[in-house]
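> Have a look at this one.
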Amino acid sequence: MIKKKTETETKKENTPKLETESKERKNDPEIMKSLSVQPELNIALVGHVDHGKTTLTERLSGKWTDTHSEEMKKGITIRLGYADFTISSCETCGFYTTKEKCVKCNGKTVSLRKISLVDAPGHESLMATMLSGAAIVDGALLLVAANEKCPQPQTKEHLMALQISGIKKVIIIQNKIDLVSREEALENHAQIKAFLAQTNYKDTPIIPLSARANVNIEALLRGIQEFIPTPKREVQKNPLMLVARSFDVNKPGVKPAQLVGGILGGTIKQGKFKVGDTIEILPGYVVEEKNKKVWKALKTTITQIFSGGVPVQEISPGGSMAIATGLDPAIVKADSLTGSLVGLPGHLPQLYSQIALDTHLLERVVGAKEESEVKPLAKNETLMLNVNSAATVGVVVDPSKKNTTCILKKPICANVGDRITISRRVGDRFRLIGYGILK
């Protein structure tokens with residue numbers, strides 16, 4: 001449990017640092033411009049169904065994400081479950097908040113960081129997002145309900161998915177503390193600690209709060225600031241975008257002269273894109289030549305870029321974003337380009353229709369009520385494979401542990417050494433069983 005600091009201690013510890021940060025940021029127009037527009041961090045919000053993910057998202061961002069996507073509306077909504085919020089701190093008392101004025105003393109606040117929060121309601125959607133890997137998010141918040149025994153099956157699966165995906169910065173949120181007594185909360189806290197002790201996250205912070213009652217949100221904001229730093233971005237490299245969403249925003253009956261090209265939503269992994277750039281998209285689209293399916297790259301121009309809900313001229317790594325292109329809207333409908341990579345022509349990673357992996361399997365299948373042993377891969381077995389933001393189906397042709405070879409139903413764009421998560425059908429759904437390193 002977190003020991004609450006006194007107001008005097010909080011003010012003494014934070015005021016000098018915050019004053020310095022405030023002056024530095026106000027004197028740097030680029031920092032202030034970035035804070036007002038582009039998020040600098042992507043954080044996944046994960047957890048068991050009904051443990052409060054959507055409610056917490058609404059508390060942080062003011063946006064209720066459990067709705068149908070609005071596509072574009074005076075700006076652009078990247079994807080169902082994406083919401084931005086800004087962490088600010090009071091210049092007077094050091095209190096952390098997402099509001100423009102301090103909710104404790106009504107003092108002026110200084111913006112510290114703008115963050116994109118990824119909340120994926122619905123278990124299958126959540127796992128698909130998580131298994132896209134650490135390339136999409138920089139950290140995660142895992143919700144655990146204080147009024148239920150820990151760990152629940154999905155909680156185990158989610159934490160294992162974070163671990164396999166290489167996400168190191170994770171904060172555990174003990175939610176719904178308003179529904180239990182102090183003794184029950186302490187018992188649940190002990191269960192969480194015992195669960196974490198078996199994982200790579202034994203020293204991760206545990207923050208008790210109530211999203212519904214808006215209690216202890218300040219401690220969570222402080223925890224994010226202190227425990228999940230903004231990674232160093234590689235802006236000098238060739239630009240690379242991971243596509244998490246693609247869609248058409250034109251309404252039925254729109255006149256040809258008013259048509260808007262296809263929209264691609266996702267996140268920038270490295271480099272910078274500018275309005276007017278010519279881009280290449282892989283794996284692109286499929287055509288049939290000589291009775292064989294052949295994938296061909298798409299090339300187009302960036303006509304607009306959206307970040308933080310507003311148009312910008314340039315975009316760099318950090319947060320969710322979207323680009324409007326010159327693509328025929330029919331090509332991008334129904335998320336048909338989700339999982340693609342976007343870059344400058346000739347500078348994208350290699351395209352693979354068959355891959356070889358050095359595989360690392362778990363000892364037991366997690367997520368089910370009864371955890372079974374993970375059996376070795378078998379020849380002709382069908383697997384779900386995830387790399388970057390792409391998901392594909394692979395058929396095993398060689399199950400050797402150090403050289404597992406799979407033929408892919410849909411090709412992937414990746415680099416040697418990339419981590420590819422492996423899921424096997426267990427019962428009525430695919431479950432995470434390990435990962436492989438692309439050879």
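Chain identifiers are assigned as A, B, and so on, following the order in which chains appear in the structure tokens; residues are numbered from 1 within each chain, and ligands are numbered from 1 in order of appearance.
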Can you tell me which residues surround Gln198 in chain A at a distance of at most 12 Å, considering only C-alpha atoms, apart from same-chain residues fewer than 3 positions away, and format the answer as a PyMOL selection string?
chain A and resi 151+156+159-160+163+191-195+201-203
> Let me see the file: selected residues, C-alpha atoms, as a PDB file, in the first residue's frame.

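Saved file selection_39.pdb follows:
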```
ATOM      1  CA  PRO A 151      -4.934 -13.645 -10.064  1.00  0.00           C
ATOM      2  CA  LYS A 156      -2.268 -14.177 -15.707  1.00  0.00           C
ATOM      3  CA  LEU A 159       0.828 -10.174 -17.591  1.00  0.00           C
ATOM      4  CA  MET A 160       2.486 -13.038 -19.471  1.00  0.00           C
ATOM      5  CA  GLN A 163       6.381 -10.074 -20.371  1.00  0.00           C
ATOM      6  CA  GLN A 191      -2.316 -11.854  -3.240  1.00  0.00           C
ATOM      7  CA  ILE A 192      -1.081  -9.450  -5.919  1.00  0.00           C
ATOM      8  CA  LYS A 193       2.427  -9.396  -4.413  1.00  0.00           C
ATOM      9  CA  ALA A 194       2.530 -13.198  -4.285  1.00  0.00           C
ATOM     10  CA  PHE A 195       1.389 -13.377  -7.922  1.00  0.00           C
ATOM     11  CA  TYR A 201       7.474  -7.695 -12.287  1.00  0.00           C
ATOM     12  CA  LYS A 202       8.070  -8.527  -8.604  1.00  0.00           C
ATOM     13  CA  ASP A 203       9.286  -4.973  -7.863  1.00  0.00           C
TER      14      ASP A 203
END
```
> Which neighbours of range 274-280 of chain A fall inside 8 Å, counting only C-alpha atoms, when residues of the same chain fewer than 5 positions from it are skipped, and could you give them as a VMD selection string?
chain A and resid 297 to 305 313 to 315 342 to 346 348
> Deliver the residues from the most recent selection as a file, using C-alpha atoms, as a compact mmCIF listing (two decimals), in the first residue's frame.

```
# COMPACT_ATOMS: atom_id res chain seq x y z
CA ALA A 297 3.63 -2.61 -52.37
CA LEU A 298 1.36 0.43 -52.32
CA LYS A 299 2.81 3.88 -52.97
CA THR A 300 1.07 7.15 -52.21
CA THR A 301 1.53 10.65 -50.78
CA ILE A 302 0.76 11.98 -47.29
CA THR A 303 -1.86 14.72 -47.67
CA GLN A 304 -2.50 15.41 -43.96
CA ILE A 305 -1.19 14.30 -40.58
CA GLN A 313 2.80 19.35 -40.62
CA GLU A 314 5.26 16.82 -39.17
CA ILE A 315 5.05 13.79 -36.90
CA VAL A 342 4.74 2.50 -43.76
CA GLY A 343 8.08 4.00 -44.74
CA LEU A 344 9.99 5.78 -47.47
CA PRO A 345 10.17 3.83 -50.77
CA GLY A 346 12.97 1.27 -50.69
CA LEU A 348 11.17 -0.85 -45.42
```
> Enumerate as an NGL selection string all residues of range 193-361 of chain A assigned to strand (DSSP E) by DSSP on the backbone, naming them with the chain letters and numbers the document uses.
:A and (206-208 or 240-247 or 263-270 or 273-274 or 278-289 or 292-307 or 310-312 or 314-315 or 321-325 or 341-343 or 350-361)
> Keeping only C-alpha atoms, write the selected residues to a file as an mmCIF file, in the first residue's frame.

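To be explicit, this is the file written out as part_24.cif:
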```cif
data_model
loop_
_atom_site.group_PDB
_atom_site.id
_atom_site.type_symbol
_atom_site.label_atom_id
_atom_site.label_comp_id
_atom_site.auth_asym_id
_atom_site.auth_seq_id
_atom_site.Cartn_x
_atom_site.Cartn_y
_atom_site.Cartn_z
ATOM 1 C CA ILE A 206 1.052 -1.372 -6.865
ATOM 2 C CA ILE A 207 -1.272 1.638 -6.624
ATOM 3 C CA PRO A 208 -4.649 1.273 -4.850
ATOM 4 C CA LEU A 240 8.695 3.739 -39.921
ATOM 5 C CA MET A 241 5.001 3.659 -39.007
ATOM 6 C CA LEU A 242 3.080 0.690 -37.575
ATOM 7 C CA VAL A 243 -0.488 0.674 -38.913
ATOM 8 C CA ALA A 244 -3.052 -0.277 -36.256
ATOM 9 C CA ARG A 245 -6.107 0.958 -38.142
ATOM 10 C CA SER A 246 -7.179 1.856 -41.705
ATOM 11 C CA PHE A 247 -10.506 3.325 -42.780
ATOM 12 C CA ILE A 263 -6.724 7.099 -43.568
ATOM 13 C CA LEU A 264 -4.016 5.115 -41.773
ATOM 14 C CA GLY A 265 -3.858 5.220 -37.975
ATOM 15 C CA GLY A 266 -1.175 3.881 -35.653
ATOM 16 C CA THR A 267 2.125 4.947 -34.163
ATOM 17 C CA ILE A 268 5.562 6.052 -35.388
ATOM 18 C CA LYS A 269 8.372 3.717 -34.334
ATOM 19 C CA GLN A 270 11.275 5.834 -35.582
ATOM 20 C CA PHE A 273 7.040 11.932 -41.583
ATOM 21 C CA LYS A 274 6.003 15.225 -43.201
ATOM 22 C CA THR A 278 5.931 9.896 -50.797
ATOM 23 C CA ILE A 279 5.452 6.682 -48.812
ATOM 24 C CA GLU A 280 5.465 2.941 -49.421
ATOM 25 C CA ILE A 281 3.145 0.474 -47.655
ATOM 26 C CA LEU A 282 3.973 -3.218 -47.174
ATOM 27 C CA PRO A 283 2.823 -5.949 -47.524
ATOM 28 C CA GLY A 284 0.445 -3.838 -49.647
ATOM 29 C CA TYR A 285 -2.286 -5.473 -51.721
ATOM 30 C CA VAL A 286 -2.702 -8.920 -53.244
ATOM 31 C CA VAL A 287 -3.189 -9.752 -56.946
ATOM 32 C CA GLU A 288 -3.350 -13.059 -58.773
ATOM 33 C CA GLU A 289 -0.659 -13.752 -61.344
ATOM 34 C CA LYS A 292 -0.638 -17.471 -57.676
ATOM 35 C CA LYS A 293 -1.330 -14.760 -55.118
ATOM 36 C CA VAL A 294 1.305 -12.030 -55.260
ATOM 37 C CA TRP A 295 1.608 -9.144 -52.792
ATOM 38 C CA LYS A 296 2.609 -5.766 -54.206
ATOM 39 C CA ALA A 297 3.627 -2.606 -52.373
ATOM 40 C CA LEU A 298 1.364 0.433 -52.321
ATOM 41 C CA LYS A 299 2.810 3.878 -52.971
ATOM 42 C CA THR A 300 1.068 7.147 -52.208
ATOM 43 C CA THR A 301 1.529 10.652 -50.777
ATOM 44 C CA ILE A 302 0.763 11.978 -47.286
ATOM 45 C CA THR A 303 -1.857 14.723 -47.672
ATOM 46 C CA GLN A 304 -2.503 15.407 -43.963
ATOM 47 C CA ILE A 305 -1.194 14.301 -40.576
ATOM 48 C CA PHE A 306 -3.255 14.248 -37.377
ATOM 49 C CA SER A 307 -1.924 14.111 -33.818
ATOM 50 C CA VAL A 310 -5.523 18.287 -34.734
ATOM 51 C CA PRO A 311 -3.631 18.542 -38.050
ATOM 52 C CA VAL A 312 0.155 18.971 -37.927
ATOM 53 C CA GLU A 314 5.257 16.820 -39.171
ATOM 54 C CA ILE A 315 5.053 13.793 -36.901
ATOM 55 C CA MET A 321 -1.472 9.448 -34.762
ATOM 56 C CA ALA A 322 -2.988 9.154 -38.224
ATOM 57 C CA ILE A 323 -2.197 10.155 -41.768
ATOM 58 C CA ALA A 324 -4.513 10.989 -44.638
ATOM 59 C CA THR A 325 -3.228 9.677 -47.961
ATOM 60 C CA LEU A 341 4.358 -0.967 -42.229
ATOM 61 C CA VAL A 342 4.744 2.498 -43.758
ATOM 62 C CA GLY A 343 8.082 3.997 -44.739
ATOM 63 C CA GLN A 350 12.160 -7.391 -45.787
ATOM 64 C CA LEU A 351 8.869 -9.086 -46.753
ATOM 65 C CA TYR A 352 8.545 -12.741 -45.658
ATOM 66 C CA SER A 353 6.113 -15.380 -46.927
ATOM 67 C CA GLN A 354 8.012 -18.086 -45.046
ATOM 68 C CA ILE A 355 9.899 -17.599 -41.785
ATOM 69 C CA ALA A 356 12.378 -19.507 -39.614
ATOM 70 C CA LEU A 357 12.259 -18.983 -35.841
ATOM 71 C CA ASP A 358 14.319 -19.801 -32.798
ATOM 72 C CA THR A 359 11.357 -20.662 -30.565
ATOM 73 C CA HIS A 360 10.903 -20.255 -26.803
ATOM 74 C CA LEU A 361 7.726 -21.897 -25.469
#
```
> What lies within 9 Å of Cys105 in chain A using only C-alpha atoms, ignoring chain neighbours under 4 positions off, as a list of chain:residue names?
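Answer for this query is A:Cys90, A:Thr92, A:Cys93, A:Phe95, A:Lys101.
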> Show me, as a list of chain:residue names, the residues that have an atom within 8 Å of Val395 in chain A when counting only C-alpha atoms, minus same-chain residues fewer than 3 positions from it.
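Skipping anything fewer than 3 positions along the chain leaves A:Lys379, A:Asn380, A:Glu381, A:Thr382, A:Leu383, A:Cys406, A:Ile407, A:Leu408, A:Lys409.
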> The selected residues should be written to file as an mmCIF file, in the first residue's frame (atoms: N, CA and C atoms).

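For reference, out_14.cif as written:
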```cif
data_model
loop_
_atom_site.group_PDB
_atom_site.id
_atom_site.type_symbol
_atom_site.label_atom_id
_atom_site.label_comp_id
_atom_site.auth_asym_id
_atom_site.auth_seq_id
_atom_site.Cartn_x
_atom_site.Cartn_y
_atom_site.Cartn_z
ATOM 1 N N LYS A 379 4.224 -30.697 -36.792
ATOM 2 C CA LYS A 379 4.209 -30.446 -38.229
ATOM 3 C C LYS A 379 2.778 -30.285 -38.704
ATOM 4 N N ASN A 380 2.555 -29.300 -39.565
ATOM 5 C CA ASN A 380 1.240 -28.955 -40.137
ATOM 6 C C ASN A 380 0.306 -28.279 -39.133
ATOM 7 N N GLU A 381 0.821 -27.944 -37.945
ATOM 8 C CA GLU A 381 -0.001 -27.228 -36.966
ATOM 9 C C GLU A 381 -0.204 -25.779 -37.415
ATOM 10 N N THR A 382 -1.405 -25.245 -37.153
ATOM 11 C CA THR A 382 -1.722 -23.860 -37.501
ATOM 12 C C THR A 382 -1.530 -22.963 -36.274
ATOM 13 N N LEU A 383 -0.764 -21.893 -36.446
ATOM 14 C CA LEU A 383 -0.466 -20.971 -35.351
ATOM 15 C C LEU A 383 -0.897 -19.557 -35.712
ATOM 16 N N CYS A 406 7.743 -21.822 -40.757
ATOM 17 C CA CYS A 406 6.309 -21.671 -40.996
ATOM 18 C C CYS A 406 6.057 -21.009 -42.349
ATOM 19 N N ILE A 407 5.056 -21.517 -43.057
ATOM 20 C CA ILE A 407 4.579 -20.851 -44.264
ATOM 21 C C ILE A 407 3.422 -19.951 -43.850
ATOM 22 N N LEU A 408 3.459 -18.676 -44.242
ATOM 23 C CA LEU A 408 2.487 -17.688 -43.789
ATOM 24 C C LEU A 408 1.338 -17.524 -44.773
ATOM 25 N N LYS A 409 0.136 -17.409 -44.220
ATOM 26 C CA LYS A 409 -1.032 -17.157 -45.059
ATOM 27 C C LYS A 409 -0.986 -15.748 -45.620
#
```
> Skip Pro399 in chain A itself and residues of its chain fewer than 5 positions away, then list as an mmCIF file with N, CA and C atoms, in the first residue's frame all residues within 6 Å of it, counting only C-alpha atoms.

```cif
data_model
loop_
_atom_site.group_PDB
_atom_site.id
_atom_site.type_symbol
_atom_site.label_atom_id
_atom_site.label_comp_id
_atom_site.auth_asym_id
_atom_site.auth_seq_id
_atom_site.Cartn_x
_atom_site.Cartn_y
_atom_site.Cartn_z
ATOM 1 N N LEU A 377 5.661 -27.895 -30.699
ATOM 2 C CA LEU A 377 4.970 -27.620 -31.954
ATOM 3 C C LEU A 377 4.984 -28.874 -32.826
ATOM 4 N N ALA A 378 3.925 -29.019 -33.620
ATOM 5 C CA ALA A 378 3.796 -30.206 -34.470
ATOM 6 C C ALA A 378 3.769 -29.812 -35.937
ATOM 7 N N LYS A 379 4.224 -30.697 -36.792
ATOM 8 C CA LYS A 379 4.209 -30.446 -38.229
ATOM 9 C C LYS A 379 2.778 -30.285 -38.704
ATOM 10 N N THR A 404 12.292 -23.456 -36.290
ATOM 11 C CA THR A 404 10.881 -23.673 -36.602
ATOM 12 C C THR A 404 10.526 -22.909 -37.869
#
```
> List the spatial neighbours of Ile177 in chain A as an MDAnalysis selection string - criterion: any atom at most 6 Å away, only C-alpha atoms, same-chain residues fewer than 5 positions off excluded.
chainID A and resid 146 209:210
> Could you turn the residues from that selection into a file that holds N, CA and C atoms, as a short mmCIF file (atom, residue, chain, number, x, y, z; two decimals), in the first residue's frame?

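Output file again29.cif follows:
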```cif
data_model
loop_
_atom_site.label_atom_id
_atom_site.label_comp_id
_atom_site.auth_asym_id
_atom_site.auth_seq_id
_atom_site.Cartn_x
_atom_site.Cartn_y
_atom_site.Cartn_z
N ALA A 146 -9.97 -5.16 -6.56
CA ALA A 146 -9.72 -5.48 -5.15
C ALA A 146 -10.79 -6.40 -4.57
N LEU A 209 -6.60 2.33 -5.86
CA LEU A 209 -7.44 3.47 -6.20
C LEU A 209 -8.86 3.01 -6.49
N SER A 210 -9.74 3.96 -6.66
CA SER A 210 -11.11 3.70 -7.11
C SER A 210 -11.38 4.62 -8.29
#
```
> Report, in Å with one decimal, the straight-line distance from CA of Lys114 in chain A to CA of His158 in chain A.
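If I compute the distance from CA of Lys114 in chain A to CA of His158 in chain A, I get 25.1 Å.
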> Which is closest to Val374 in chain A among A:Ala330, A:Val426, A:Leu220, A:Ala390, if we use only C-alpha atoms?
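Of the candidates, the smallest distance to Val374 in chain A is held by A:Val426.
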> To one decimal in Å, tell me the separation between CA of Gly434 in chain A and CA of Val396 in chain A.
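Computing the Euclidean distance for CA of Gly434 in chain A and CA of Val396 in chain A yields 14.7 Å.
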> Report as a ChimeraX atom specification: the residues of range 284-425 of chain A with a DSSP assignment of helix (DSSP H, G or I), based on the backbone of this structure.
/A:329-335,401-403
> What separation in Å, quoted to one decimal, exists between CA of Leu162 in chain A and CA of Lys402 in chain A?
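If I compute the distance from CA of Leu162 in chain A to CA of Lys402 in chain A, I get 23.3 Å.
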> If we count only C-alpha atoms, what is near Glu371 in chain A at a cut-off of 12 Å, once residues fewer than 3 positions away on the same chain are taken out, given as a list in words?
Pro153, Gln154, Lys156, Glu157, Leu362, Glu363, Arg364, Val365, Val366, Gly367, Ala368, Val374, Val426, Arg431, Leu432 and Ile433 of chain A
> Go through A:Thr55, A:Ser400, A:Ser336, A:Gln174 one by one, measure the shortest atom-to-atom distance of each to Pro376 in chain A using only C-alpha atoms, and give the residue with the smallest value.
A:Ser400
